[in-house]
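For reference, structure_2.csv (CSV, C-alpha atoms):
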chain,number,residue,atom,x,y,z
A,1,MET,CA,0.6,13.0,32.7
A,2,ASP,CA,-1.1,16.4,32.9
A,3,GLU,CA,-2.4,19.2,30.6
A,4,SER,CA,1.1,20.2,29.7
A,5,SER,CA,2.2,16.7,28.6
A,6,LYS,CA,3.8,16.5,25.2
A,7,VAL,CA,2.1,14.3,22.7
A,8,GLY,CA,3.7,12.2,20.0
A,9,ILE,CA,2.1,10.3,17.1
A,10,ILE,CA,3.6,7.1,15.7
A,11,GLY,CA,2.2,6.6,12.2
A,12,SER,CA,1.4,8.7,9.2
A,13,GLY,CA,-1.7,7.2,7.7
A,14,SER,CA,-5.3,8.6,7.5
A,15,TRP,CA,-6.2,7.8,11.2
A,16,ALA,CA,-2.9,9.3,12.5
A,17,THR,CA,-3.7,12.4,10.4
A,18,ALA,CA,-7.3,12.6,11.7
A,19,ILE,CA,-6.0,12.3,15.3
A,20,ALA,CA,-3.5,15.1,14.7
A,21,LYS,CA,-6.3,17.3,13.4
A,22,MET,CA,-8.3,16.7,16.6
A,23,LEU,CA,-5.3,17.3,18.8
A,24,PHE,CA,-4.6,20.8,17.3
A,25,ASN,CA,-7.9,22.0,18.8
A,26,ASN,CA,-6.4,21.5,22.2
A,27,VAL,CA,-2.6,21.4,22.1
A,28,THR,CA,-0.1,23.9,20.7
A,29,SER,CA,2.3,21.4,19.2
A,30,ILE,CA,2.9,17.7,18.5
A,31,ASN,CA,5.7,15.4,17.8
A,32,TRP,CA,5.1,13.2,14.7
A,33,TYR,CA,7.0,10.2,13.5
A,34,PHE,CA,7.1,9.5,9.7
A,35,ARG,CA,9.1,6.5,8.5
A,36,ASP,CA,9.8,8.2,5.2
A,37,LYS,CA,11.7,11.5,5.3
A,38,SER,CA,10.6,12.4,1.8
A,39,HIS,CA,7.0,12.5,3.1
A,40,ILE,CA,8.1,14.8,5.8
A,41,ASP,CA,9.6,17.2,3.3
A,42,ASP,CA,6.4,17.1,1.2
A,43,PHE,CA,4.3,17.7,4.3
A,44,LYS,CA,6.3,20.8,5.1
A,45,ARG,CA,6.2,22.0,1.6
A,46,TYR,CA,2.4,21.5,0.9
A,47,ARG,CA,1.2,21.9,4.5
A,48,HIS,CA,-0.8,18.6,4.5
A,49,ASN,CA,-0.1,14.9,4.6
A,50,PRO,CA,1.0,14.1,1.0
A,51,ASN,CA,-0.7,10.7,1.0
A,52,TYR,CA,-3.8,10.8,3.3
A,53,LEU,CA,-6.6,13.3,4.0
A,54,THR,CA,-5.0,15.8,1.8
A,55,SER,CA,-7.8,18.3,2.4
A,56,VAL,CA,-6.7,18.8,6.0
A,57,GLU,CA,-4.2,21.6,6.3
A,58,PHE,CA,-1.7,22.0,9.1
A,59,ASN,CA,0.8,24.5,10.3
A,60,PRO,CA,4.1,22.7,10.0
A,61,ASP,CA,5.8,25.1,12.3
A,62,LYS,CA,3.8,23.6,15.2
A,63,ILE,CA,4.9,20.0,14.4
A,64,PHE,CA,8.2,18.5,15.3
A,65,PHE,CA,8.6,15.9,12.5
A,66,SER,CA,11.2,13.1,12.6
A,67,ASP,CA,12.0,9.9,10.8
A,68,ASP,CA,13.8,8.7,14.0
A,69,ILE,CA,11.3,7.0,16.2
A,70,ASN,CA,13.6,7.3,19.3
A,71,GLU,CA,13.6,11.1,18.9
A,72,VAL,CA,9.8,11.3,18.9
A,73,VAL,CA,9.6,8.9,21.9
A,74,ARG,CA,12.2,10.9,23.8
A,75,GLU,CA,10.4,14.2,23.3
A,76,SER,CA,6.9,12.9,24.2
A,77,ASP,CA,5.1,12.0,27.4
A,78,ILE,CA,2.1,10.6,25.6
A,79,LEU,CA,2.5,8.3,22.6
A,80,ILE,CA,-0.3,7.6,20.2
A,81,LEU,CA,0.2,4.5,18.1
A,82,ALA,CA,-1.7,4.8,14.8
A,83,ILE,CA,-0.2,2.2,12.5
A,84,PRO,CA,-1.5,-1.0,11.0
A,85,SER,CA,-1.1,-3.9,13.5
A,86,ALA,CA,0.8,-5.9,10.8
A,87,PHE,CA,3.6,-3.3,10.9
A,88,ILE,CA,3.8,-2.7,14.7
A,89,LYS,CA,6.9,-4.9,15.1
A,90,SER,CA,8.8,-3.5,12.2
A,91,ALA,CA,7.9,0.1,13.2
A,92,LEU,CA,9.4,-0.5,16.6
A,93,GLU,CA,12.4,-2.6,15.7
A,94,HIS,CA,14.9,0.3,16.1
A,95,LEU,CA,13.3,1.5,19.3
A,96,THR,CA,15.9,1.9,22.1
A,97,GLU,CA,14.2,4.5,24.3
A,98,PRO,CA,12.3,3.1,27.3
A,99,LEU,CA,8.5,3.2,27.3
A,100,HIS,CA,7.7,2.3,30.9
A,101,ASP,CA,7.3,6.0,31.9
A,102,LYS,CA,5.1,6.9,28.9
A,103,PHE,CA,1.3,6.9,28.5
A,104,ILE,CA,0.7,4.6,25.5
A,105,VAL,CA,-2.5,5.1,23.6
A,106,SER,CA,-3.5,2.5,21.0
A,107,ALA,CA,-5.4,3.7,18.0
A,108,ILE,CA,-4.7,0.4,16.3
A,109,LYS,CA,-7.6,-1.8,15.3
A,110,GLY,CA,-5.8,-5.1,15.3
A,111,LEU,CA,-3.7,-7.7,17.1
A,112,VAL,CA,0.1,-8.0,17.1
A,113,PRO,CA,0.8,-10.7,14.5
A,114,ASP,CA,2.3,-14.0,15.7
A,115,GLU,CA,2.0,-12.9,19.3
A,116,ASN,CA,-1.9,-12.9,19.1
A,117,LEU,CA,-1.9,-10.1,21.7
A,118,ILE,CA,-3.9,-6.9,21.8
A,119,ILE,CA,-1.8,-3.8,21.8
A,120,GLY,CA,-2.1,-3.1,25.5
A,121,GLN,CA,-1.0,-6.6,26.4
A,122,TYR,CA,2.0,-6.4,24.0
A,123,PHE,CA,3.3,-3.2,25.5
A,124,THR,CA,2.8,-4.4,29.0
A,125,GLN,CA,4.7,-7.7,28.4
A,126,LYS,CA,7.4,-6.5,26.0
A,127,TYR,CA,8.1,-2.9,27.1
A,128,ASP,CA,7.1,-3.0,30.8
A,129,VAL,CA,4.4,-0.4,30.4
A,130,PRO,CA,2.0,-0.6,33.4
A,131,THR,CA,-1.6,-1.5,32.6
A,132,GLU,CA,-2.8,1.8,34.0
A,133,SER,CA,-0.6,3.6,31.5
A,134,ILE,CA,-2.3,2.0,28.5
A,135,GLY,CA,-5.1,3.9,26.8
A,136,VAL,CA,-7.4,2.8,23.8
A,137,ILE,CA,-9.2,5.0,21.3
A,138,SER,CA,-12.4,3.5,20.0
A,139,GLY,CA,-15.0,4.7,17.5
A,140,PRO,CA,-17.3,4.7,15.7
A,141,CYS,CA,-15.2,7.2,13.8
A,142,HIS,CA,-13.9,7.2,10.3
A,143,ALA,CA,-10.9,9.4,9.5
A,144,GLU,CA,-12.6,10.7,6.4
A,145,GLU,CA,-15.5,12.1,8.4
A,146,VAL,CA,-13.1,13.7,10.9
A,147,ALA,CA,-11.5,15.5,7.9
A,148,LEU,CA,-15.0,16.7,6.9
A,149,GLU,CA,-15.7,17.7,10.5
A,150,ARG,CA,-18.9,15.6,10.7
A,151,LEU,CA,-20.1,15.0,14.2
A,152,SER,CA,-18.4,11.9,15.5
A,153,TYR,CA,-18.0,10.1,18.9
A,154,LEU,CA,-14.9,8.5,20.5
A,155,THR,CA,-14.5,6.4,23.6
A,156,ILE,CA,-11.3,6.6,25.5
A,157,ALA,CA,-10.6,3.6,27.6
A,158,CYS,CA,-8.0,3.4,30.4
A,159,GLN,CA,-8.1,1.6,33.8
A,160,ASP,CA,-7.0,4.9,35.3
A,161,ILE,CA,-10.2,6.9,34.8
A,162,LYS,CA,-8.5,10.2,35.5
A,163,ARG,CA,-6.0,9.6,32.7
A,164,ALA,CA,-8.9,8.6,30.4
A,165,ARG,CA,-10.7,11.8,31.2
A,166,LEU,CA,-7.6,13.9,30.6
A,167,PHE,CA,-6.7,12.3,27.3
A,168,ALA,CA,-10.3,12.6,26.2
A,169,SER,CA,-10.1,16.3,26.7
A,170,PHE,CA,-7.1,16.4,24.3
A,171,LEU,CA,-9.3,15.0,21.5
A,172,LYS,CA,-12.6,16.8,22.2
A,173,THR,CA,-13.7,19.3,19.5
A,174,PRO,CA,-16.9,20.9,18.4
A,175,TYR,CA,-17.3,17.9,16.1
A,176,ILE,CA,-15.8,15.2,18.3
A,177,MET,CA,-17.7,14.1,21.4
A,178,THR,CA,-15.8,11.9,23.9
A,179,THR,CA,-16.8,9.5,26.6
A,180,ILE,CA,-14.6,7.3,28.8
A,181,SER,CA,-14.4,3.7,29.9
A,182,ASP,CA,-12.2,1.4,32.0
A,183,ASP,CA,-12.6,-1.5,29.6
A,184,ILE,CA,-9.3,-1.6,27.7
A,185,TYR,CA,-9.6,-5.3,27.0
A,186,GLY,CA,-13.2,-5.2,25.7
A,187,THR,CA,-12.7,-2.1,23.6
A,188,GLU,CA,-9.5,-3.5,22.0
A,189,TYR,CA,-11.0,-6.9,21.2
A,190,ALA,CA,-14.2,-5.3,19.9
A,191,ALA,CA,-12.1,-3.1,17.5
A,192,VAL,CA,-10.5,-6.3,16.2
A,193,LEU,CA,-13.7,-8.3,15.9
A,194,LYS,CA,-15.7,-5.6,14.2
A,195,ASN,CA,-13.2,-5.7,11.3
A,196,ILE,CA,-13.9,-9.4,10.9
A,197,MET,CA,-17.6,-8.8,10.9
A,198,ALA,CA,-17.1,-6.1,8.3
A,199,VAL,CA,-15.2,-8.4,6.1
A,200,ALA,CA,-18.1,-10.9,6.4
A,201,SER,CA,-20.6,-8.1,5.6
A,202,GLY,CA,-18.5,-7.2,2.5
A,203,ILE,CA,-18.3,-10.8,1.3
A,204,CYS,CA,-22.1,-11.1,1.6
A,205,HIS,CA,-22.6,-7.9,-0.3
A,206,GLY,CA,-20.3,-9.1,-3.0
A,207,LEU,CA,-22.3,-12.3,-3.3
A,208,GLY,CA,-25.5,-10.3,-3.7
A,209,TYR,CA,-27.1,-10.7,-0.3
A,210,GLY,CA,-29.4,-7.8,0.5
A,211,ASP,CA,-30.2,-5.5,3.4
A,212,ASN,CA,-32.5,-7.9,5.2
A,213,PHE,CA,-29.7,-10.5,5.4
A,214,GLN,CA,-27.1,-7.9,6.4
A,215,ALA,CA,-29.3,-6.9,9.4
A,216,VAL,CA,-29.4,-10.5,10.6
A,217,LEU,CA,-25.7,-11.0,10.0
A,218,ILE,CA,-24.7,-7.9,12.0
A,219,SER,CA,-27.2,-8.7,14.8
A,220,ASN,CA,-25.5,-12.1,15.1
A,221,GLY,CA,-22.2,-10.4,14.8
A,222,ILE,CA,-22.7,-8.3,18.0
A,223,GLN,CA,-23.8,-11.5,19.8
A,224,GLU,CA,-20.6,-13.2,18.7
A,225,MET,CA,-18.6,-10.3,19.8
A,226,LYS,CA,-20.2,-10.3,23.3
A,227,ARG,CA,-19.6,-14.0,23.7
A,228,PHE,CA,-16.0,-13.7,22.9
A,229,VAL,CA,-15.1,-10.5,25.0
A,230,ASP,CA,-17.1,-11.7,27.9
A,231,THR,CA,-15.2,-15.0,27.9
A,232,VAL,CA,-11.8,-13.5,27.4
A,233,HIS,CA,-12.3,-10.7,29.9
A,234,PRO,CA,-15.4,-11.2,32.0
A,235,ILE,CA,-16.5,-7.9,33.4
A,236,THR,CA,-19.8,-6.0,33.3
A,237,ARG,CA,-20.0,-4.0,30.1
A,238,ASP,CA,-22.8,-2.7,27.9
A,239,ILE,CA,-22.2,-4.3,24.5
A,240,LYS,CA,-24.9,-1.9,23.0
A,241,SER,CA,-22.8,1.2,23.6
A,242,SER,CA,-21.1,3.0,20.8
A,243,ALA,CA,-17.6,1.6,21.5
A,244,TYR,CA,-18.9,-1.9,20.7
A,245,LEU,CA,-22.1,-1.9,18.7
A,246,GLY,CA,-21.7,1.5,17.2
A,247,ASP,CA,-18.2,0.8,15.9
A,248,LEU,CA,-19.4,-2.5,14.5
A,249,LEU,CA,-22.2,-0.9,12.6
A,250,VAL,CA,-20.2,1.9,11.0
A,251,THR,CA,-17.4,-0.6,10.0
A,252,ALA,CA,-19.9,-3.1,8.5
A,253,TYR,CA,-22.0,-0.5,6.6
A,254,SER,CA,-19.9,2.5,5.8
A,255,GLN,CA,-18.7,3.5,2.3
A,256,PHE,CA,-15.4,4.4,4.0
A,257,SER,CA,-14.9,0.9,5.5
A,258,ARG,CA,-11.8,-0.7,4.0
A,259,ASN,CA,-12.7,-4.1,5.6
A,260,ARG,CA,-16.1,-4.1,4.0
A,261,MET,CA,-14.5,-3.1,0.7
A,262,PHE,CA,-12.0,-6.0,1.0
A,263,GLY,CA,-14.7,-8.4,1.8
A,264,THR,CA,-16.8,-7.2,-1.1
A,265,MET,CA,-13.9,-7.9,-3.5
A,266,ILE,CA,-13.5,-11.4,-2.1
A,267,GLY,CA,-17.3,-12.0,-2.4
A,268,LYS,CA,-17.1,-10.9,-6.1
A,269,GLY,CA,-14.4,-13.5,-6.8
A,270,TYR,CA,-11.2,-11.6,-6.4
A,271,SER,CA,-8.2,-13.4,-4.8
A,272,VAL,CA,-7.0,-12.2,-1.4
A,273,LYS,CA,-3.7,-11.0,-2.9
A,274,TYR,CA,-5.4,-9.1,-5.8
A,275,ALA,CA,-7.9,-7.4,-3.4
A,276,GLN,CA,-5.0,-6.3,-1.2
A,277,MET,CA,-3.1,-4.9,-4.1
A,278,GLU,CA,-6.1,-3.1,-5.5
A,279,MET,CA,-7.0,-1.4,-2.2
A,280,LEU,CA,-3.6,0.1,-1.5
A,281,MET,CA,-4.6,0.1,2.2
A,282,ILE,CA,-4.5,-2.4,5.0
A,283,ALA,CA,-7.7,-4.3,5.8
A,284,GLU,CA,-7.1,-5.2,9.5
A,285,GLY,CA,-9.7,-8.0,9.3
A,286,TYR,CA,-7.5,-10.1,7.1
A,287,TYR,CA,-4.9,-10.4,9.9
A,288,ALA,CA,-7.4,-10.3,12.7
A,289,VAL,CA,-9.4,-13.4,11.7
A,290,LYS,CA,-6.3,-15.6,11.8
A,291,SER,CA,-5.3,-14.3,15.2
A,292,ILE,CA,-8.8,-14.7,16.7
A,293,HIS,CA,-9.2,-18.1,15.1
A,294,GLU,CA,-5.9,-19.2,16.9
A,295,ILE,CA,-6.9,-17.5,20.2
A,296,ASN,CA,-10.2,-19.2,20.1
A,297,ASP,CA,-8.5,-22.6,20.1
A,298,LYS,CA,-8.1,-22.0,23.8
A,299,TYR,CA,-11.5,-20.5,24.6
A,300,LYS,CA,-13.8,-22.5,22.3
A,301,VAL,CA,-16.3,-19.7,21.9
A,302,ASN,CA,-19.1,-20.3,19.4
A,303,MET,CA,-18.0,-17.9,16.5
A,304,PRO,CA,-19.6,-19.0,13.3
A,305,ILE,CA,-19.1,-15.7,11.4
A,306,THR,CA,-15.4,-15.5,12.4
A,307,GLU,CA,-14.9,-19.2,11.3
A,308,ALA,CA,-16.7,-18.6,8.0
A,309,VAL,CA,-14.4,-15.6,7.2
A,310,TYR,CA,-11.4,-17.7,8.2
A,311,ASN,CA,-12.4,-20.6,6.0
A,312,ILE,CA,-12.9,-18.3,3.0
A,313,ILE,CA,-9.7,-16.3,3.4
A,314,TYR,CA,-7.2,-18.9,4.7
A,315,ASP,CA,-8.7,-22.2,3.7
A,316,LYS,CA,-9.8,-20.9,0.4
A,317,ILE,CA,-13.3,-22.3,0.7
A,318,SER,CA,-15.8,-21.0,-1.9
A,319,PRO,CA,-17.4,-17.8,-0.5
A,320,ALA,CA,-20.8,-18.8,-1.9
A,321,MET,CA,-20.6,-22.2,-0.3
A,322,GLU,CA,-19.3,-21.0,3.0
A,323,ILE,CA,-21.8,-18.2,3.4
A,324,ARG,CA,-24.6,-20.6,2.5
A,325,LEU,CA,-23.5,-22.9,5.3
A,326,LEU,CA,-23.3,-19.9,7.6
A,327,THR,CA,-26.9,-18.9,7.0
A,328,GLU,CA,-28.0,-22.1,8.8
A,329,HIS,CA,-26.3,-20.9,12.0
A,330,LEU,CA,-27.8,-17.4,12.1
A,331,ARG,CA,-31.0,-16.5,13.9
Have the structure of the file written as structure tokens, please.
Amino acid sequence: MDESSKVGIIGSGSWATAIAKMLFNNVTSINWYFRDKSHIDDFKRYRHNPNYLTSVEFNPDKIFFSDDINEVVRESDILILAIPSAFIKSALEHLTEPLHDKFIVSAIKGLVPDENLIIGQYFTQKYDVPTESIGVISGPCHAEEVALERLSYLTIACQDIKRARLFASFLKTPYIMTTISDDIYGTEYAAVLKNIMAVASGICHGLGYGDNFQAVLISNGIQEMKRFVDTVHPITRDIKSSAYLGDLLVTAYSQFSRNRMFGTMIGKGYSVKYAQMEMLMIAEGYYAVKSIHEINDKYKVNMPITEAVYNIIYDKISPAMEIRLLTEHLR
């Protein structure tokens, strides 16, 4: 991996589009996998992603598009995965190209369903990708603000700090500041947990709880996050840094947060199925809370917010009743 490495993107949603926009400040071309060939044709015709961040224009001549994932993998040294975690297995089901010699970067904010593994663990175990060849992109950073070129910050985590620094240089722009970390486990788990906390925040908003309570909820949320990541991967980390606390805050409070939106609908009485249909986007927190609930059967970390969200979404407990019980556990 060096400055001349060829970059491929797996995924065609808003975050994949935002990452492509950042990359074009520093690379001359990218390889880009779209599952649907008609979307590729529309992209080439209109010079933007037909479904996401349509205000962002691209030069299609500088993009090698393909609806064959093996073609994109074959042509790339670095692969950025930017698809919902719920679809990771189906997206890779036709993959035959080896990945062990690629640098794999997770831009996914979730766990692999059924496996209950963070993305880095999954690629290490299933595709023999060395741990030092795994990278993680962490926020706080919404795709919509990247499109608007509003100043944002990213943390790039990799156990090989030289690789983290090099990849960070690929994403740095006048409106994107980057920093690096070696905490691939903590940043990935934090990205999962912040979505659960954002669902909780949305539920409380939907129920009519105000700003005072939201502040207490999220301050307890960062403590819950710290307890979990320190138990699962006990290293020295500053939970107050932007990759953890910052990403939690923006996901819990922002108008662009799909997890908060999903939670708000649940708090207002919508069913899970109806909320998902209305949003037309994936709320990672829905899948994440089930996985973390199951993982925590082993670790037994005190996680009252996570358990409250699980009880509401999967056990169908009344949101008003469950959040009322949760208030007794918050300080």
Could you make a table, as CSV, of the residues of stretch 98-168 of chain A that have an atom within 12 Å of an atom of stretch 52-67 of chain A, each with its nearest atom pair and distance in Å to one decimal, counting all atoms listed in the file, in chain and number order?
residue,atom,partner,partner_atom,distance
A:His142,CA,A:Leu53,CA,11.4
A:Ala143,CA,A:Leu53,CA,8.0
A:Glu144,CA,A:Leu53,CA,7.0
A:Glu145,CA,A:Leu53,CA,10.0
A:Val146,CA,A:Leu53,CA,9.5
A:Ala147,CA,A:Val56,CA,6.1
A:Leu148,CA,A:Val56,CA,8.6
A:Glu149,CA,A:Val56,CA,10.1
Nearest candidate to A:Ile80 (options A:Val27, A:Met225, A:Ile9, A:Leu217; using all atoms listed in the file): A:Ile9
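Taking atom CA of A:Ile313 and atom CA of A:Ile196 as endpoints, the distance between them is 11.0 Å.
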Distance query A:Val229 at most 12 Å, only C-alpha atoms, self and fewer than 2 positions along chain excluded, as a PDB file with C-alpha atoms, in the coordinates of the input:
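Saved to result_36.pdb:
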ATOM      1  CA  ASP A 183     -12.600  -1.500  29.600  1.00  0.00           C
ATOM      2  CA  ILE A 184      -9.300  -1.600  27.700  1.00  0.00           C
ATOM      3  CA  TYR A 185      -9.600  -5.300  27.000  1.00  0.00           C
ATOM      4  CA  GLY A 186     -13.200  -5.200  25.700  1.00  0.00           C
ATOM      5  CA  THR A 187     -12.700  -2.100  23.600  1.00  0.00           C
ATOM      6  CA  GLU A 188      -9.500  -3.500  22.000  1.00  0.00           C
ATOM      7  CA  TYR A 189     -11.000  -6.900  21.200  1.00  0.00           C
ATOM      8  CA  ALA A 190     -14.200  -5.300  19.900  1.00  0.00           C
ATOM      9  CA  ALA A 191     -12.100  -3.100  17.500  1.00  0.00           C
ATOM     10  CA  VAL A 192     -10.500  -6.300  16.200  1.00  0.00           C
ATOM     11  CA  LEU A 193     -13.700  -8.300  15.900  1.00  0.00           C
ATOM     12  CA  LYS A 194     -15.700  -5.600  14.200  1.00  0.00           C
ATOM     13  CA  ILE A 222     -22.700  -8.300  18.000  1.00  0.00           C
ATOM     14  CA  GLN A 223     -23.800 -11.500  19.800  1.00  0.00           C
ATOM     15  CA  GLU A 224     -20.600 -13.200  18.700  1.00  0.00           C
ATOM     16  CA  MET A 225     -18.600 -10.300  19.800  1.00  0.00           C
ATOM     17  CA  LYS A 226     -20.200 -10.300  23.300  1.00  0.00           C
ATOM     18  CA  ARG A 227     -19.600 -14.000  23.700  1.00  0.00           C
ATOM     19  CA  THR A 231     -15.200 -15.000  27.900  1.00  0.00           C
ATOM     20  CA  VAL A 232     -11.800 -13.500  27.400  1.00  0.00           C
ATOM     21  CA  HIS A 233     -12.300 -10.700  29.900  1.00  0.00           C
ATOM     22  CA  PRO A 234     -15.400 -11.200  32.000  1.00  0.00           C
ATOM     23  CA  ILE A 235     -16.500  -7.900  33.400  1.00  0.00           C
ATOM     24  CA  THR A 236     -19.800  -6.000  33.300  1.00  0.00           C
ATOM     25  CA  ARG A 237     -20.000  -4.000  30.100  1.00  0.00           C
ATOM     26  CA  ASP A 238     -22.800  -2.700  27.900  1.00  0.00           C
ATOM     27  CA  ILE A 239     -22.200  -4.300  24.500  1.00  0.00           C
ATOM     28  CA  TYR A 244     -18.900  -1.900  20.700  1.00  0.00           C
ATOM     29  CA  ILE A 292      -8.800 -14.700  16.700  1.00  0.00           C
ATOM     30  CA  ILE A 295      -6.900 -17.500  20.200  1.00  0.00           C
ATOM     31  CA  ASN A 296     -10.200 -19.200  20.100  1.00  0.00           C
ATOM     32  CA  TYR A 299     -11.500 -20.500  24.600  1.00  0.00           C
ATOM     33  CA  VAL A 301     -16.300 -19.700  21.900  1.00  0.00           C
ATOM     34  CA  ASN A 302     -19.100 -20.300  19.400  1.00  0.00           C
ATOM     35  CA  MET A 303     -18.000 -17.900  16.500  1.00  0.00           C
TER      36      MET A 303
END
Skipping near chain neighbours, those fewer than 4 positions away, what residues fall within 9 Å of stretch 162-174 of chain A using all atoms listed in the file, listed as a PyMOL selection string? chain A and resi 1-3+19-27+103+132-133+135-136+149+151+154-158+178-182
At a cut-off of 12 Å, using only C-alpha atoms, what residues contact A:Ser254? Leave out same-chain residues fewer than 3 positions from it and give the result as a list in words.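 Listed by chain and then number, they are Pro140, Cys141, His142, Ala143, Glu144, Glu145, Asn195, Ala198, Val199, Ser201, Gly202, Gly246, Asp247, Leu248, Leu249, Val250, Thr251, Ser257, Arg258, Asn259, Arg260 and Met261 of chain A.
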Using all atoms listed in the file: which of A:Glu71, A:Asp101, A:Glu322, A:Glu278 has the shortest distance to A:Met265: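 Closest residue, counting all atoms listed in the file: A:Glu278.
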How big is the axis-aligned box, and where does its centre sit, when it encloses all atoms of stretch 211-216 of chain A listed in the file and has 3 Å added on every side, reported in Å to one decimal as JSON?
{"center_x": -29.8, "center_y": -8.0, "center_z": 7.0, "size_x": 11.4, "size_y": 11.0, "size_z": 13.2}
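Nearest residue to A:Ala215, choosing from A:Arg331, A:Lys298, A:Arg324, A:His100 and counting all atoms listed in the file: A:Arg331.
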One decimal, in Å: what's the spacing between atom CA of A:Ser106 and atom CA of A:Thr28?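 It comes out at 21.7 Å.
If all atoms listed in the file are the atoms counted, then among A:Lys273, A:Lys126, A:His293, A:Lys109 the closest residue to A:Lys89 is A:Lys126.
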Would you compute the distance between atom CA of A:Glu115 and atom CA of A:Pro98? Give it in Å to one decimal.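 Distance between the two atoms: 20.6 Å.
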